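> Contents of run_10.cif (mmCIF, C-alpha atoms, pLDDT in the B column; chains and numbers go by the auth columns) are below:
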```
data_entry
loop_
_atom_site.group_PDB
_atom_site.id
_atom_site.type_symbol
_atom_site.label_atom_id
_atom_site.label_comp_id
_atom_site.label_asym_id
_atom_site.label_seq_id
_atom_site.Cartn_x
_atom_site.Cartn_y
_atom_site.Cartn_z
_atom_site.B_iso_or_equiv
_atom_site.auth_seq_id
_atom_site.auth_asym_id
ATOM 1 C CA MET A 1 20.051 -1.753 34.059 73.00 1 A
ATOM 2 C CA LYS A 2 20.306 -5.505 33.696 82.00 2 A
ATOM 3 C CA LEU A 3 18.171 -7.225 31.074 85.00 3 A
ATOM 4 C CA ARG A 4 15.812 -9.902 32.368 81.00 4 A
ATOM 5 C CA GLU A 5 13.264 -12.229 30.873 86.00 5 A
ATOM 6 C CA ASP A 6 9.639 -11.139 31.222 82.00 6 A
ATOM 7 C CA LEU A 7 8.700 -14.183 33.272 83.00 7 A
ATOM 8 C CA GLU A 8 11.439 -13.409 35.797 83.00 8 A
ATOM 9 C CA LEU A 9 10.049 -9.961 36.644 81.00 9 A
ATOM 10 C CA THR A 10 8.653 -9.635 40.136 82.00 10 A
ATOM 11 C CA ASP A 11 7.693 -5.954 40.077 81.00 11 A
ATOM 12 C CA SER A 12 5.262 -6.084 37.166 78.00 12 A
ATOM 13 C CA ARG A 13 2.132 -3.961 37.145 84.00 13 A
ATOM 14 C CA GLU A 14 -1.356 -4.796 35.986 87.00 14 A
ATOM 15 C CA LEU A 15 -2.126 -3.686 32.461 87.00 15 A
ATOM 16 C CA PRO A 16 -4.848 -1.066 32.136 93.00 16 A
ATOM 17 C CA VAL A 17 -8.253 -2.168 30.952 94.00 17 A
ATOM 18 C CA LEU A 18 -8.682 -0.949 27.401 91.00 18 A
ATOM 19 C CA ALA A 19 -11.915 0.153 25.837 91.00 19 A
ATOM 20 C CA PRO A 20 -12.899 -1.924 22.802 86.00 20 A
ATOM 21 C CA VAL A 21 -12.810 -0.229 19.420 86.00 21 A
ATOM 22 C CA ASN A 22 -16.280 0.290 18.031 88.00 22 A
ATOM 23 C CA THR A 23 -16.277 -0.495 14.344 88.00 23 A
ATOM 24 C CA ALA A 24 -18.769 -1.661 11.775 88.00 24 A
ATOM 25 C CA LEU A 25 -16.104 -3.900 10.238 88.00 25 A
ATOM 26 C CA PRO A 26 -15.738 -7.482 11.388 88.00 26 A
ATOM 27 C CA VAL A 27 -13.072 -7.682 14.091 86.00 27 A
ATOM 28 C CA SER A 28 -11.019 -9.999 11.887 89.00 28 A
ATOM 29 C CA LEU A 29 -10.651 -7.214 9.279 88.00 29 A
ATOM 30 C CA PHE A 30 -9.867 -4.371 11.655 90.00 30 A
ATOM 31 C CA GLY A 31 -6.098 -5.007 11.556 91.00 31 A
ATOM 32 C CA ASP A 32 -6.167 -5.024 7.761 90.00 32 A
ATOM 33 C CA MET A 33 -7.899 -1.648 7.755 90.00 33 A
ATOM 34 C CA LEU A 34 -5.244 -0.305 10.116 92.00 34 A
ATOM 35 C CA GLN A 35 -2.500 -1.517 7.772 92.00 35 A
ATOM 36 C CA VAL A 36 -4.101 0.242 4.814 88.00 36 A
ATOM 37 C CA GLY A 37 -4.482 3.423 6.857 89.00 37 A
ATOM 38 C CA GLU A 38 -0.877 3.171 8.025 92.00 38 A
ATOM 39 C CA PHE A 39 0.299 2.781 4.423 89.00 39 A
ATOM 40 C CA PHE A 40 -1.478 5.979 3.396 88.00 40 A
ATOM 41 C CA HIS A 41 -0.183 7.778 6.477 88.00 41 A
ATOM 42 C CA LEU A 42 3.454 6.724 6.003 90.00 42 A
ATOM 43 C CA PHE A 43 3.750 6.875 2.228 87.00 43 A
ATOM 44 C CA GLY A 44 1.143 9.501 1.388 85.00 44 A
ATOM 45 C CA GLU A 45 3.642 12.291 0.818 83.00 45 A
ATOM 46 C CA HIS A 46 5.899 10.032 -1.269 84.00 46 A
ATOM 47 C CA VAL A 47 3.118 9.031 -3.648 84.00 47 A
ATOM 48 C CA ASP A 48 1.488 12.488 -3.926 83.00 48 A
ATOM 49 C CA LEU A 49 -1.573 11.474 -1.945 85.00 49 A
ATOM 50 C CA THR A 50 -2.229 15.105 -0.997 82.00 50 A
ATOM 51 C CA ASP A 51 -3.047 15.966 -4.622 82.00 51 A
ATOM 52 C CA ASP A 52 -6.115 13.713 -4.554 82.00 52 A
ATOM 53 C CA PHE A 53 -6.753 13.687 -0.789 84.00 53 A
ATOM 54 C CA PRO A 54 -5.638 17.026 0.712 86.00 54 A
ATOM 55 C CA ASP A 55 -6.758 16.028 4.228 84.00 55 A
ATOM 56 C CA GLY A 56 -5.269 12.538 3.959 83.00 56 A
ATOM 57 C CA VAL A 57 -7.204 9.313 4.285 85.00 57 A
ATOM 58 C CA GLN A 58 -9.051 9.332 7.590 87.00 58 A
ATOM 59 C CA MET A 59 -9.746 6.017 9.314 87.00 59 A
ATOM 60 C CA GLY A 60 -13.477 6.782 9.623 86.00 60 A
ATOM 61 C CA ALA A 61 -13.762 7.457 5.896 84.00 61 A
ATOM 62 C CA LEU A 62 -11.743 4.344 5.133 84.00 62 A
ATOM 63 C CA GLU A 63 -14.047 2.258 7.324 87.00 63 A
ATOM 64 C CA LYS A 64 -17.148 3.707 5.640 84.00 64 A
ATOM 65 C CA CYS A 65 -15.812 3.005 2.177 81.00 65 A
ATOM 66 C CA LEU A 66 -14.970 -0.600 3.075 80.00 66 A
ATOM 67 C CA ILE A 67 -18.466 -1.376 4.352 82.00 67 A
ATOM 68 C CA SER A 68 -20.389 0.641 1.765 79.00 68 A
ATOM 69 C CA ALA A 69 -21.915 -1.009 -1.283 71.00 69 A
ATOM 70 C CA LYS A 70 -21.883 2.306 -3.151 73.00 70 A
ATOM 71 C CA GLN A 71 -19.238 2.822 -5.798 68.00 71 A
ATOM 72 C CA ASP A 72 -19.203 6.615 -5.612 74.00 72 A
ATOM 73 C CA THR A 73 -17.507 6.724 -2.214 74.00 73 A
ATOM 74 C CA ILE A 74 -13.896 7.313 -1.263 78.00 74 A
ATOM 75 C CA TYR A 75 -13.345 3.620 -2.076 76.00 75 A
ATOM 76 C CA GLY A 76 -13.621 4.293 -5.789 78.00 76 A
ATOM 77 C CA ASP A 77 -11.286 7.264 -5.457 82.00 77 A
ATOM 78 C CA LEU A 78 -8.747 5.155 -3.553 83.00 78 A
ATOM 79 C CA VAL A 79 -8.869 2.344 -6.104 80.00 79 A
ATOM 80 C CA ILE A 80 -8.357 4.815 -8.958 82.00 80 A
ATOM 81 C CA PHE A 81 -5.522 6.505 -7.059 85.00 81 A
ATOM 82 C CA LEU A 82 -3.766 3.195 -6.373 85.00 82 A
ATOM 83 C CA LEU A 83 -4.160 2.022 -9.971 85.00 83 A
ATOM 84 C CA LYS A 84 -2.706 5.292 -11.271 88.00 84 A
ATOM 85 C CA LEU A 85 0.159 4.873 -8.811 86.00 85 A
ATOM 86 C CA VAL A 86 0.885 1.320 -9.969 88.00 86 A
ATOM 87 C CA PHE A 87 0.923 2.363 -13.617 89.00 87 A
ATOM 88 C CA ALA A 88 3.107 5.397 -12.937 87.00 88 A
ATOM 89 C CA LEU A 89 5.618 3.309 -10.986 87.00 89 A
ATOM 90 C CA GLN A 90 5.649 0.690 -13.724 89.00 90 A
ATOM 91 C CA GLU A 91 6.287 3.379 -16.320 89.00 91 A
ATOM 92 C CA GLU A 92 9.212 4.710 -14.262 89.00 92 A
ATOM 93 C CA GLU A 93 10.626 1.211 -13.973 88.00 93 A
ATOM 94 C CA ASP A 94 10.312 0.665 -17.726 86.00 94 A
ATOM 95 C CA GLU A 95 12.175 3.925 -18.373 88.00 95 A
ATOM 96 C CA GLU A 96 14.961 2.879 -16.002 88.00 96 A
ATOM 97 C CA GLU A 97 15.152 -0.527 -17.704 84.00 97 A
ATOM 98 C CA GLU A 98 15.383 1.128 -21.092 84.00 98 A
ATOM 99 C CA LYS A 99 18.191 3.456 -19.940 87.00 99 A
ATOM 100 C CA PHE A 100 20.074 0.507 -18.460 85.00 100 A
ATOM 101 C CA ALA A 101 19.600 -1.572 -21.616 82.00 101 A
ATOM 102 C CA THR A 102 20.808 1.290 -23.809 84.00 102 A
ATOM 103 C CA ARG A 103 23.806 1.947 -21.610 84.00 103 A
ATOM 104 C CA TYR A 104 24.936 -1.683 -21.546 82.00 104 A
ATOM 105 C CA ASN A 105 23.687 -2.624 -25.022 78.00 105 A
ATOM 106 C CA ILE A 106 21.147 -5.175 -23.770 76.00 106 A
ATOM 107 C CA ASN A 107 18.125 -6.131 -25.831 71.00 107 A
ATOM 108 C CA TYR A 108 15.076 -6.648 -23.606 60.00 108 A
ATOM 109 C CA THR A 109 12.226 -8.378 -25.375 58.00 109 A
ATOM 110 C CA PHE A 110 9.709 -8.112 -22.522 53.00 110 A
ATOM 111 C CA SER A 111 8.231 -5.094 -20.824 51.00 111 A
ATOM 112 C CA TYR A 112 5.325 -5.221 -18.390 53.00 112 A
ATOM 113 C CA SER A 113 3.615 -2.023 -19.452 51.00 113 A
ATOM 114 C CA LYS A 114 4.079 -2.714 -23.155 53.00 114 A
ATOM 115 C CA ARG A 115 2.720 -6.261 -23.057 50.00 115 A
ATOM 116 C CA ARG A 116 0.550 -7.355 -25.926 48.00 116 A
ATOM 117 C CA PRO A 117 -1.915 -10.229 -25.764 46.00 117 A
ATOM 118 C CA ARG A 118 -0.541 -13.434 -27.194 47.00 118 A
ATOM 119 C CA ASP A 119 -1.923 -14.716 -30.457 47.00 119 A
ATOM 120 C CA TYR A 120 -2.665 -18.405 -29.986 45.00 120 A
ATOM 121 C CA GLY A 121 -3.938 -18.803 -33.531 50.00 121 A
ATOM 122 C CA THR A 122 -7.603 -18.835 -32.600 44.00 122 A
#
```
Show me the file's structure as structure tokens.

Amino acid sequence: MKLREDLELTDSRELPVLAPVNTALPVSLFGDMLQVGEFFHLFGEHVDLTDDFPDGVQMGALEKCLISAKQDTIYGDLVIFLLKLVFALQEEEDEEEEKFATRYNINYTFSYSKRRPRDYGT
């Protein structure tokens, strides 16, 4: 089969008419919600999502939590889950840095998870 540019095609078919997606979110945010849902779908098993969300993160629940003003929804659970994930990954990275520094006799003076507030003499 020979490759051709789209505009050179003569045997093209009409695209089907698609039904619009009904959502309470503004249309401009719908793609963002899909990206968040896709992240949980693709990486859920790698970040132990099933421990906190055995059924996964459903798009309907994600939509509800994004439009809800209540804090006791799945939104709060997702924020807590993601924060725990960030801290756990940072801890792993710090451990790897420490092993590397010990192996190659490097003295690191900065670590993200062990940061202390600066004293500006106030």
> Applied to the shown file, which residues does the PyMOL selection byres ((chain A and resi 48-65) around 12) return, written as a PyMOL selection string?
chain A and resi 22-26+29-47+66-82+84-85+88
> Write the residues of the preceding selection, restricted to C-alpha atoms, as a PDB file, in the coordinates of the input.

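After the write, selection_23.pdb holds the following:
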```pdb
ATOM      1  CA  ASN A  22     -16.280   0.290  18.031  1.00 88.00           C
ATOM      2  CA  THR A  23     -16.277  -0.495  14.344  1.00 88.00           C
ATOM      3  CA  ALA A  24     -18.769  -1.661  11.775  1.00 88.00           C
ATOM      4  CA  LEU A  25     -16.104  -3.900  10.238  1.00 88.00           C
ATOM      5  CA  PRO A  26     -15.738  -7.482  11.388  1.00 88.00           C
ATOM      6  CA  LEU A  29     -10.651  -7.214   9.279  1.00 88.00           C
ATOM      7  CA  PHE A  30      -9.867  -4.371  11.655  1.00 90.00           C
ATOM      8  CA  GLY A  31      -6.098  -5.007  11.556  1.00 91.00           C
ATOM      9  CA  ASP A  32      -6.167  -5.024   7.761  1.00 90.00           C
ATOM     10  CA  MET A  33      -7.899  -1.648   7.755  1.00 90.00           C
ATOM     11  CA  LEU A  34      -5.244  -0.305  10.116  1.00 92.00           C
ATOM     12  CA  GLN A  35      -2.500  -1.517   7.772  1.00 92.00           C
ATOM     13  CA  VAL A  36      -4.101   0.242   4.814  1.00 88.00           C
ATOM     14  CA  GLY A  37      -4.482   3.423   6.857  1.00 89.00           C
ATOM     15  CA  GLU A  38      -0.877   3.171   8.025  1.00 92.00           C
ATOM     16  CA  PHE A  39       0.299   2.781   4.423  1.00 89.00           C
ATOM     17  CA  PHE A  40      -1.478   5.979   3.396  1.00 88.00           C
ATOM     18  CA  HIS A  41      -0.183   7.778   6.477  1.00 88.00           C
ATOM     19  CA  LEU A  42       3.454   6.724   6.003  1.00 90.00           C
ATOM     20  CA  PHE A  43       3.750   6.875   2.228  1.00 87.00           C
ATOM     21  CA  GLY A  44       1.143   9.501   1.388  1.00 85.00           C
ATOM     22  CA  GLU A  45       3.642  12.291   0.818  1.00 83.00           C
ATOM     23  CA  HIS A  46       5.899  10.032  -1.269  1.00 84.00           C
ATOM     24  CA  VAL A  47       3.118   9.031  -3.648  1.00 84.00           C
ATOM     25  CA  LEU A  66     -14.970  -0.600   3.075  1.00 80.00           C
ATOM     26  CA  ILE A  67     -18.466  -1.376   4.352  1.00 82.00           C
ATOM     27  CA  SER A  68     -20.389   0.641   1.765  1.00 79.00           C
ATOM     28  CA  ALA A  69     -21.915  -1.009  -1.283  1.00 71.00           C
ATOM     29  CA  LYS A  70     -21.883   2.306  -3.151  1.00 73.00           C
ATOM     30  CA  GLN A  71     -19.238   2.822  -5.798  1.00 68.00           C
ATOM     31  CA  ASP A  72     -19.203   6.615  -5.612  1.00 74.00           C
ATOM     32  CA  THR A  73     -17.507   6.724  -2.214  1.00 74.00           C
ATOM     33  CA  ILE A  74     -13.896   7.313  -1.263  1.00 78.00           C
ATOM     34  CA  TYR A  75     -13.345   3.620  -2.076  1.00 76.00           C
ATOM     35  CA  GLY A  76     -13.621   4.293  -5.789  1.00 78.00           C
ATOM     36  CA  ASP A  77     -11.286   7.264  -5.457  1.00 82.00           C
ATOM     37  CA  LEU A  78      -8.747   5.155  -3.553  1.00 83.00           C
ATOM     38  CA  VAL A  79      -8.869   2.344  -6.104  1.00 80.00           C
ATOM     39  CA  ILE A  80      -8.357   4.815  -8.958  1.00 82.00           C
ATOM     40  CA  PHE A  81      -5.522   6.505  -7.059  1.00 85.00           C
ATOM     41  CA  LEU A  82      -3.766   3.195  -6.373  1.00 85.00           C
ATOM     42  CA  LYS A  84      -2.706   5.292 -11.271  1.00 88.00           C
ATOM     43  CA  LEU A  85       0.159   4.873  -8.811  1.00 86.00           C
ATOM     44  CA  ALA A  88       3.107   5.397 -12.937  1.00 87.00           C
TER      45      ALA A  88
END
```
> Figure out the distance between atom CA of Ile106 of chain A and atom CA of Gln90 of chain A, please, to one decimal in Å.
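Going from atom CA of Gln90 of chain A over to atom CA of Ile106 of chain A, I get 19.4 Å.
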> Write out as lines of an AutoDock Vina configuration file an axis-aligned box for segment 85-98 of chain A: all of its atoms listed in the file, 4 Å added on each side, centre and edge lengths in Å with one decimal.

```
center_x = 7.8
center_y = 2.4
center_z = -15.0
size_x = 23.2
size_y = 13.9
size_z = 20.3
```
> What does the distance between atom CA of Asn107 of chain A and atom CA of Leu83 of chain A come to in Å, to one decimal place?
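These atoms are spaced 28.5 Å apart.
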> To one decimal place in Å, what is the distance between atom CA of Lys2 of chain A and atom CA of Glu14 of chain A?
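Distance between the two atoms: 21.8 Å.
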